[in-house]
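What follows is the content of structure-v4.csv, which has CSV, C-alpha atoms:
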chain,number,residue,atom,x,y,z
A,1,MET,CA,-14.2,-21.4,11.8
A,2,ALA,CA,-13.6,-19.7,8.5
A,3,THR,CA,-13.9,-21.7,5.3
A,4,SER,CA,-11.1,-21.4,2.8
A,5,LYS,CA,-13.0,-18.8,0.8
A,6,SER,CA,-14.0,-16.8,3.8
A,7,LEU,CA,-10.5,-16.9,5.1
A,8,ARG,CA,-9.2,-15.3,2.0
A,9,GLU,CA,-12.0,-12.7,2.1
A,10,LYS,CA,-11.3,-11.9,5.8
A,11,ARG,CA,-7.6,-11.6,5.1
A,12,LYS,CA,-8.2,-9.1,2.3
A,13,LYS,CA,-10.7,-7.2,4.5
A,14,MET,CA,-8.0,-6.9,7.1
A,15,GLY,CA,-5.6,-5.5,4.5
A,16,LEU,CA,-3.1,-8.4,5.1
A,17,SER,CA,-1.0,-10.1,2.4
A,18,GLN,CA,-0.6,-13.8,2.4
A,19,THR,CA,3.0,-13.3,3.7
A,20,GLU,CA,1.8,-11.2,6.6
A,21,LEU,CA,-1.0,-13.5,7.7
A,22,ALA,CA,1.3,-16.5,7.3
A,23,GLY,CA,3.8,-14.9,9.6
A,24,LEU,CA,1.1,-14.2,12.2
A,25,LEU,CA,0.0,-17.9,12.0
A,26,GLY,CA,3.6,-19.2,12.0
A,27,VAL,CA,3.3,-21.0,8.7
A,28,SER,CA,5.0,-20.4,5.3
A,29,ARG,CA,3.3,-18.3,2.6
A,30,PRO,CA,2.9,-21.4,0.3
A,31,THR,CA,1.2,-23.3,3.2
A,32,LEU,CA,-1.3,-20.5,3.7
A,33,ALA,CA,-2.0,-20.5,0.0
A,34,LYS,CA,-2.8,-24.2,0.3
A,35,ILE,CA,-5.1,-23.5,3.2
A,36,GLU,CA,-6.9,-20.8,1.3
A,37,LYS,CA,-7.4,-23.2,-1.6
A,38,ASN,CA,-8.7,-25.8,0.8
A,39,GLU,CA,-5.8,-28.1,-0.1
A,40,ARG,CA,-4.6,-28.2,3.5
A,41,PRO,CA,-6.6,-28.0,6.8
A,42,LEU,CA,-5.8,-25.8,9.7
A,43,ASN,CA,-4.6,-27.7,12.8
A,44,LYS,CA,-5.9,-26.9,16.3
A,45,VAL,CA,-3.1,-24.4,17.2
A,46,GLU,CA,-3.5,-22.6,13.9
A,47,THR,CA,-7.3,-22.4,14.3
A,48,GLU,CA,-6.9,-20.8,17.8
A,49,LYS,CA,-4.3,-18.3,16.5
A,50,LEU,CA,-6.6,-17.4,13.6
A,51,LYS,CA,-9.4,-16.8,16.0
A,52,ASP,CA,-7.3,-14.5,18.1
A,53,ILE,CA,-6.1,-12.6,15.0
A,54,PHE,CA,-9.7,-12.0,13.8
A,55,GLU,CA,-10.9,-11.0,17.3
A,56,SER,CA,-8.0,-8.5,17.6
A,57,PHE,CA,-8.8,-7.0,14.2
A,58,GLU,CA,-12.5,-6.6,15.2
A,59,LEU,CA,-11.5,-5.0,18.5
A,60,ASP,CA,-9.2,-2.5,16.8
A,61,HIS,CA,-11.9,-1.4,14.4
A,62,GLN,CA,-14.4,-1.0,17.2
A,63,THR,CA,-12.1,1.4,19.0
A,64,GLN,CA,-11.2,3.4,15.8
A,65,GLY,CA,-14.8,4.6,15.0
A,66,ASP,CA,-15.7,5.2,11.4
A,67,ILE,CA,-12.1,5.7,10.2
A,68,ARG,CA,-10.6,2.4,9.3
A,69,ILE,CA,-6.8,2.0,9.6
A,70,ASN,CA,-5.8,-1.4,8.4
A,71,ILE,CA,-2.0,-1.2,9.0
A,72,PRO,CA,0.0,-1.6,12.1
A,73,ALA,CA,1.0,1.4,14.2
A,74,GLY,CA,4.7,0.9,13.3
A,75,ASN,CA,3.8,1.1,9.6
A,76,ILE,CA,1.8,4.3,10.2
A,77,ASN,CA,5.0,5.9,11.6
A,78,LYS,CA,6.9,4.6,8.6
A,79,PHE,CA,4.3,6.0,6.3
A,80,LYS,CA,4.7,9.4,7.9
A,81,GLN,CA,8.5,9.3,7.5
A,82,VAL,CA,8.3,8.1,3.9
A,83,LEU,CA,5.8,10.9,3.1
A,84,LEU,CA,8.0,13.5,4.7
A,85,TYR,CA,11.0,12.2,2.7
A,86,ILE,CA,9.0,12.3,-0.5
A,87,LEU,CA,8.0,15.9,0.3
A,88,GLU,CA,11.6,16.9,1.1
A,89,LYS,CA,12.8,15.5,-2.2
A,90,VAL,CA,10.1,16.4,-4.7
A,91,GLY,CA,7.3,18.2,-2.8
A,92,ALA,CA,8.3,21.6,-4.2
A,93,LYS,CA,8.0,20.5,-7.8
A,94,PRO,CA,5.1,22.3,-9.5
A,95,ASN,CA,3.5,19.0,-10.6
A,96,VAL,CA,3.6,17.2,-7.2
A,97,GLY,CA,0.2,17.7,-5.7
A,98,MET,CA,-1.9,15.2,-3.7
A,99,THR,CA,-2.8,13.0,-6.7
A,100,VAL,CA,0.9,12.6,-7.7
A,101,VAL,CA,1.8,11.8,-4.1
A,102,TYR,CA,-0.9,9.1,-4.1
A,103,LYS,CA,0.7,7.5,-7.1
A,104,LEU,CA,4.2,7.7,-5.8
A,105,LEU,CA,3.1,6.0,-2.6
A,106,TYR,CA,1.4,3.3,-4.7
A,107,PHE,CA,4.5,2.5,-6.8
A,108,ILE,CA,6.7,2.5,-3.7
A,109,ASP,CA,4.4,0.0,-1.8
A,110,PHE,CA,3.8,-2.3,-4.8
A,111,ASN,CA,7.3,-2.2,-6.2
A,112,TYR,CA,8.7,-3.1,-2.8
A,113,TYR,CA,6.2,-5.9,-2.3
A,114,GLU,CA,6.8,-7.3,-5.8
A,115,LYS,CA,10.6,-7.3,-5.3
A,116,TYR,CA,10.8,-8.5,-1.7
A,117,GLU,CA,7.4,-10.2,-0.9
A,118,THR,CA,6.9,-8.1,2.2
A,119,GLN,CA,5.3,-4.8,3.1
A,120,LEU,CA,7.1,-1.4,3.2
A,121,MET,CA,4.3,0.9,4.4
A,122,GLY,CA,1.5,-1.6,3.6
A,123,LEU,CA,-1.1,1.1,2.9
A,124,THR,CA,-4.6,0.0,1.8
A,125,TYR,CA,-5.2,1.2,-1.8
A,126,PHE,CA,-8.6,1.2,-3.4
A,127,LYS,CA,-9.5,1.5,-7.1
A,128,ASN,CA,-10.5,5.1,-7.7
A,129,THR,CA,-11.3,6.6,-11.1
A,130,HIS,CA,-8.0,8.4,-11.2
A,131,GLY,CA,-5.9,5.4,-10.0
A,132,PRO,CA,-5.0,3.8,-6.7
A,133,THR,CA,-5.8,5.9,-3.7
A,134,PRO,CA,-4.5,5.1,-0.1
A,135,ARG,CA,-7.4,4.9,2.3
A,136,GLU,CA,-5.2,5.9,5.3
A,137,PHE,CA,-3.9,9.1,3.7
A,138,LYS,CA,-6.5,11.7,4.9
A,139,LYS,CA,-6.6,10.6,8.5
A,140,VAL,CA,-2.8,10.4,8.9
A,141,VAL,CA,-2.2,13.6,7.0
A,142,ASP,CA,-4.8,15.5,9.1
A,143,GLU,CA,-2.9,14.3,12.2
A,144,MET,CA,0.4,15.5,10.7
A,145,LYS,CA,-1.1,18.9,9.9
A,146,LYS,CA,-2.3,19.3,13.5
A,147,SER,CA,1.0,18.2,14.9
A,148,GLY,CA,2.9,20.6,12.7
A,149,GLU,CA,4.8,17.9,10.7
A,150,LEU,CA,3.6,19.3,7.4
A,151,VAL,CA,1.4,22.1,6.0
A,152,GLU,CA,-1.2,22.0,3.2
A,153,VAL,CA,-1.1,24.7,0.6
A,154,GLY,CA,-3.3,25.5,-2.4
A,155,SER,CA,-1.8,26.0,-5.8
A,156,LYS,CA,-2.4,25.6,-9.5
A,157,SER,CA,-1.2,22.9,-11.9
A,158,PHE,CA,-1.9,24.1,-15.4
A,159,ALA,CA,-5.6,25.2,-15.2
A,160,TYR,CA,-6.4,23.0,-12.2
A,161,ASP,CA,-6.6,23.6,-8.5
A,162,GLN,CA,-4.0,21.6,-6.7
A,163,LYS,CA,-3.6,20.5,-3.1
A,164,LYS,CA,0.1,20.4,-2.1
A,165,PHE,CA,1.8,19.4,1.1
A,166,LEU,CA,5.1,20.8,2.3
A,167,PRO,CA,7.2,19.3,5.2
A,168,ARG,CA,7.9,21.2,8.3
A,169,LEU,CA,10.1,18.5,9.9
A,170,LYS,CA,12.9,16.4,8.6
A,171,SER,CA,12.1,12.8,8.0
A,172,ASP,CA,13.4,10.2,10.4
A,173,LEU,CA,15.5,7.9,8.2
A,174,SER,CA,16.3,5.6,11.1
A,175,VAL,CA,12.9,3.9,10.5
A,176,ILE,CA,13.6,3.4,6.8
A,177,SER,CA,16.1,0.7,5.8
A,178,GLY,CA,18.7,1.2,3.1
A,179,GLN,CA,16.8,-1.4,1.0
A,180,GLU,CA,13.6,0.5,1.4
A,181,LEU,CA,15.3,3.8,0.6
A,182,GLU,CA,16.7,2.4,-2.6
A,183,VAL,CA,13.1,1.5,-3.8
A,184,ILE,CA,11.8,4.9,-2.7
A,185,ASP,CA,14.5,6.8,-4.6
A,186,ASN,CA,14.1,4.7,-7.7
A,187,VAL,CA,10.3,5.5,-7.7
A,188,LEU,CA,11.0,9.2,-7.3
A,189,ASP,CA,13.6,9.2,-10.0
A,190,LYS,CA,11.3,7.4,-12.4
A,191,TYR,CA,7.9,9.0,-11.7
A,192,ALA,CA,8.3,12.3,-9.8
A,193,ASP,CA,8.4,14.5,-12.9
A,194,ARG,CA,5.2,13.1,-14.3
A,195,THR,CA,1.9,14.9,-14.2
A,196,ALA,CA,-1.0,13.7,-12.3
A,197,LYS,CA,-2.8,12.7,-15.5
A,198,GLN,CA,0.2,10.8,-16.8
A,199,LEU,CA,0.6,8.9,-13.6
A,200,SER,CA,-3.1,8.1,-13.4
A,201,LEU,CA,-3.1,6.6,-16.9
A,202,MET,CA,0.0,4.6,-16.1
A,203,THR,CA,-1.5,3.0,-13.0
A,204,HIS,CA,-4.5,2.1,-15.2
A,205,ARG,CA,-2.2,-0.1,-17.2
A,206,ASP,CA,-0.8,-1.9,-14.1
A,207,MET,CA,-2.4,-5.2,-13.1
A,208,PRO,CA,-3.4,-4.4,-9.5
A,209,TRP,CA,-5.6,-1.6,-10.8
A,210,LYS,CA,-6.8,-3.4,-13.9
A,211,ALA,CA,-7.9,-6.6,-12.0
A,212,THR,CA,-9.8,-4.8,-9.3
A,213,LYS,CA,-13.4,-3.6,-9.2
A,214,HIS,CA,-14.2,0.0,-8.7
A,215,GLY,CA,-14.0,1.0,-5.0
A,216,GLU,CA,-12.5,-2.3,-3.9
A,217,ASN,CA,-9.0,-2.7,-2.3
A,218,LEU,CA,-6.1,-3.6,-4.6
A,219,ASP,CA,-4.6,-7.0,-3.7
A,220,TYR,CA,-0.8,-6.8,-3.2
A,221,GLU,CA,-0.5,-10.3,-4.6
A,222,LEU,CA,-1.4,-8.9,-8.1
A,223,ALA,CA,2.0,-7.2,-8.1
A,224,PHE,CA,3.4,-10.6,-9.3
A,225,TYR,CA,1.4,-10.4,-12.5
A,226,ARG,CA,2.4,-6.9,-13.6
A,227,PRO,CA,3.4,-6.2,-17.2
A,228,ASP,CA,7.0,-5.6,-18.1
A,229,GLU,CA,6.4,-1.8,-18.1
A,230,PHE,CA,6.0,-1.8,-14.3
A,231,SER,CA,7.6,-5.0,-13.1
A,232,VAL,CA,10.7,-4.5,-10.9
A,233,ARG,CA,11.6,-8.1,-10.4
A,234,GLU,CA,13.5,-10.6,-12.6
A,235,TYR,CA,11.5,-13.8,-12.8
A,236,GLU,CA,12.9,-17.2,-13.8
A,237,GLU,CA,11.8,-18.5,-17.2
A,238,LEU,CA,9.2,-21.3,-16.9
Represent the structure from my file as structure tokens, please.
Amino acid sequence: MATSKSLREKRKKMGLSQTELAGLLGVSRPTLAKIEKNERPLNKVETEKLKDIFESFELDHQTQGDIRINIPAGNINKFKQVLLYILEKVGAKPNVGMTVVYKLLYFIDFNYYEKYETQLMGLTYFKNTHGPTPREFKKVVDEMKKSGELVEVGSKSFAYDQKKFLPRLKSDLSVISGQELEVIDNVLDKYADRTAKQLSLMTHRDMPWKATKHGENLDYELAFYRPDEFSVREYEEL
């Protein structure tokens, strides 16, 4: 069975937060943290559950070919609806190309996780030169283009070529809770008028990007160590 170190590595490889894996195992997040630190052993039932989780993950990736999608199907649909909502609200702005959309998605996902300790879309972001980039974006957007949910257009932002996406369907807000919509709208209000360069530089100051090696996935748990500039949660004084 996995050692405490390999358990944490496998969890991160699967794109799961401690909260998500704890839920699958039927334990609390603090308990899983102790297991990952080798402070508490897995019992027999938990060991079997963990084995099933890992086997299911490996099977999913064998059937998906070279494109890795690390988030549940339900969250893929939520990602689609959030993206359509973003494009409805701000997609026509001249500054909102693909890079800006990447950063808006990042702030939505990490702000929600920091505030509520659970996933909204749960996309897998890796450290790119220009800031956090969602691994699932291209595959899902290609599917949405084929299905007619959105269209890709070329444009210019200042002197640079820009890839823009415009919605062709209305977003289905029934899959987005009021709590989630509040976080999304707050992010759009705060960041949607920024340029791609401004947003990229901003994400470089945020802890999830700063604490991650180039090309590796950003750990959602780092949202709890953000500087005041980006933190969206009130923490009790120690």
Could you jot down the CA of Thr133 (chain A) to CA of Tyr102 (chain A) separation for me, Å, one decimal place?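 Spanning CA of Thr133 (chain A) to CA of Tyr102 (chain A) is a straight-line distance of 5.9 Å.
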Closest of A:Lys138, A:Lys163, A:Arg194, A:Lys80 to Leu104 (chain A), counting only C-alpha atoms, is A:Arg194
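The environment of Leu222 (chain A) within 9 Å, counting only C-alpha atoms and disregarding residues fewer than 6 places along the same chain, consists of A:Glu114, A:Met207, A:Pro208, A:Trp209, A:Ala211.
Excluding Gln119 (chain A) and any residue on its chain fewer than 4 positions from it, the residues at most 12 Å away by only C-alpha atoms are Gly15, Leu16, Ser17, Gln18, Thr19, Glu20, Leu21, Ile71, Pro72, Gly74, Asn75, Lys78, Phe79, Tyr106, Ile108, Asp109, Phe110, Asn111, Tyr112, Tyr113, Glu114, Lys115, Leu123, Thr124, Glu180, Tyr220, Glu221 and Ala223 of chain A.
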Residue with the minimum atom-to-atom distance to Lys51 (chain A), picked from A:Leu7, A:Phe224, A:Val183, A:Val232 with only C-alpha atoms counted, is A:Leu7
Separating CA of Val90 (chain A) from CA of Thr195 (chain A), to the nearest tenth of an Å, is a gap of 12.6 Å
Please identify every residue of region 69-136 of chain A that has at least one atom no farther than 7 Å from an atom of region 164-173 of chain A, counting all atoms listed in the file, and for each give the shortest atom pair and the distance in Å to one decimal, arranged by chain then increasing number, as a Markdown table.
| residue | atom | partner | partner_atom | distance |
| --- | --- | --- | --- | --- |
| A:Gln81 | CA | A:Ser171 | CA | 5.0 |
| A:Leu84 | CA | A:Ser171 | CA | 5.3 |
| A:Tyr85 | CA | A:Ser171 | CA | 5.4 |
| A:Leu87 | CA | A:Pro167 | CA | 6.0 |
| A:Glu88 | CA | A:Pro167 | CA | 6.5 |
| A:Gly91 | CA | A:Leu166 | CA | 6.1 |
| A:Val96 | CA | A:Lys164 | CA | 7.0 |
| A:Gly97 | CA | A:Lys164 | CA | 4.5 |
| A:Met98 | CA | A:Lys164 | CA | 5.8 |
Between A:Ile35, A:Ile76, A:Asn128, A:Pro94, smallest distance to Val141 (chain A) by all atoms listed in the file belongs to A:Ile76
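Nearest residue to His214 (chain A), choosing from A:Ala196, A:Asp185, A:Thr129, A:Glu143 and counting only C-alpha atoms: A:Thr129.
Atom pair CA of Lys210 (chain A) / CA of Val101 (chain A): separated by 20.0 Å.
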Set the distance at 10 Å and use all atoms listed in the file: which residues neighbour Met202 (chain A) once local chain neighbours fewer than 5 positions away are removed? I'd like the list as a PyMOL selection string.
chain A and resi 103+131+196-197+209+229-230
Would you write out those residues with C-alpha atoms, as a PDB file, in the frame of the given file?
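Below is the file out-v3.pdb, written as the result:
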ATOM      1  CA  LYS A 103       0.700   7.500  -7.100  1.00  0.00           C
ATOM      2  CA  GLY A 131      -5.900   5.400 -10.000  1.00  0.00           C
ATOM      3  CA  ALA A 196      -1.000  13.700 -12.300  1.00  0.00           C
ATOM      4  CA  LYS A 197      -2.800  12.700 -15.500  1.00  0.00           C
ATOM      5  CA  TRP A 209      -5.600  -1.600 -10.800  1.00  0.00           C
ATOM      6  CA  GLU A 229       6.400  -1.800 -18.100  1.00  0.00           C
ATOM      7  CA  PHE A 230       6.000  -1.800 -14.300  1.00  0.00           C
TER       8      PHE A 230
END
Could you list, as a compact mmCIF listing (two decimals) with C-alpha atoms, in the coordinates of the input, every residue within 10 Å of region 25-34 of chain A, counting all atoms listed in the file and ignoring same-chain residues fewer than 4 positions away?
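Wrote it out as part06.txt, contents follow:
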# COMPACT_ATOMS: atom_id res chain seq x y z
CA SER A 4 -11.10 -21.40 2.80
CA LEU A 7 -10.50 -16.90 5.10
CA ARG A 8 -9.20 -15.30 2.00
CA SER A 17 -1.00 -10.10 2.40
CA GLN A 18 -0.60 -13.80 2.40
CA THR A 19 3.00 -13.30 3.70
CA GLU A 20 1.80 -11.20 6.60
CA LEU A 21 -1.00 -13.50 7.70
CA ASN A 38 -8.70 -25.80 0.80
CA GLU A 39 -5.80 -28.10 -0.10
CA ARG A 40 -4.60 -28.20 3.50
CA PRO A 41 -6.60 -28.00 6.80
CA LEU A 42 -5.80 -25.80 9.70
CA VAL A 45 -3.10 -24.40 17.20
CA GLU A 46 -3.50 -22.60 13.90
CA THR A 47 -7.30 -22.40 14.30
CA GLU A 48 -6.90 -20.80 17.80
CA LYS A 49 -4.30 -18.30 16.50
CA LEU A 50 -6.60 -17.40 13.60
CA ILE A 53 -6.10 -12.60 15.00
CA GLU A 117 7.40 -10.20 -0.90
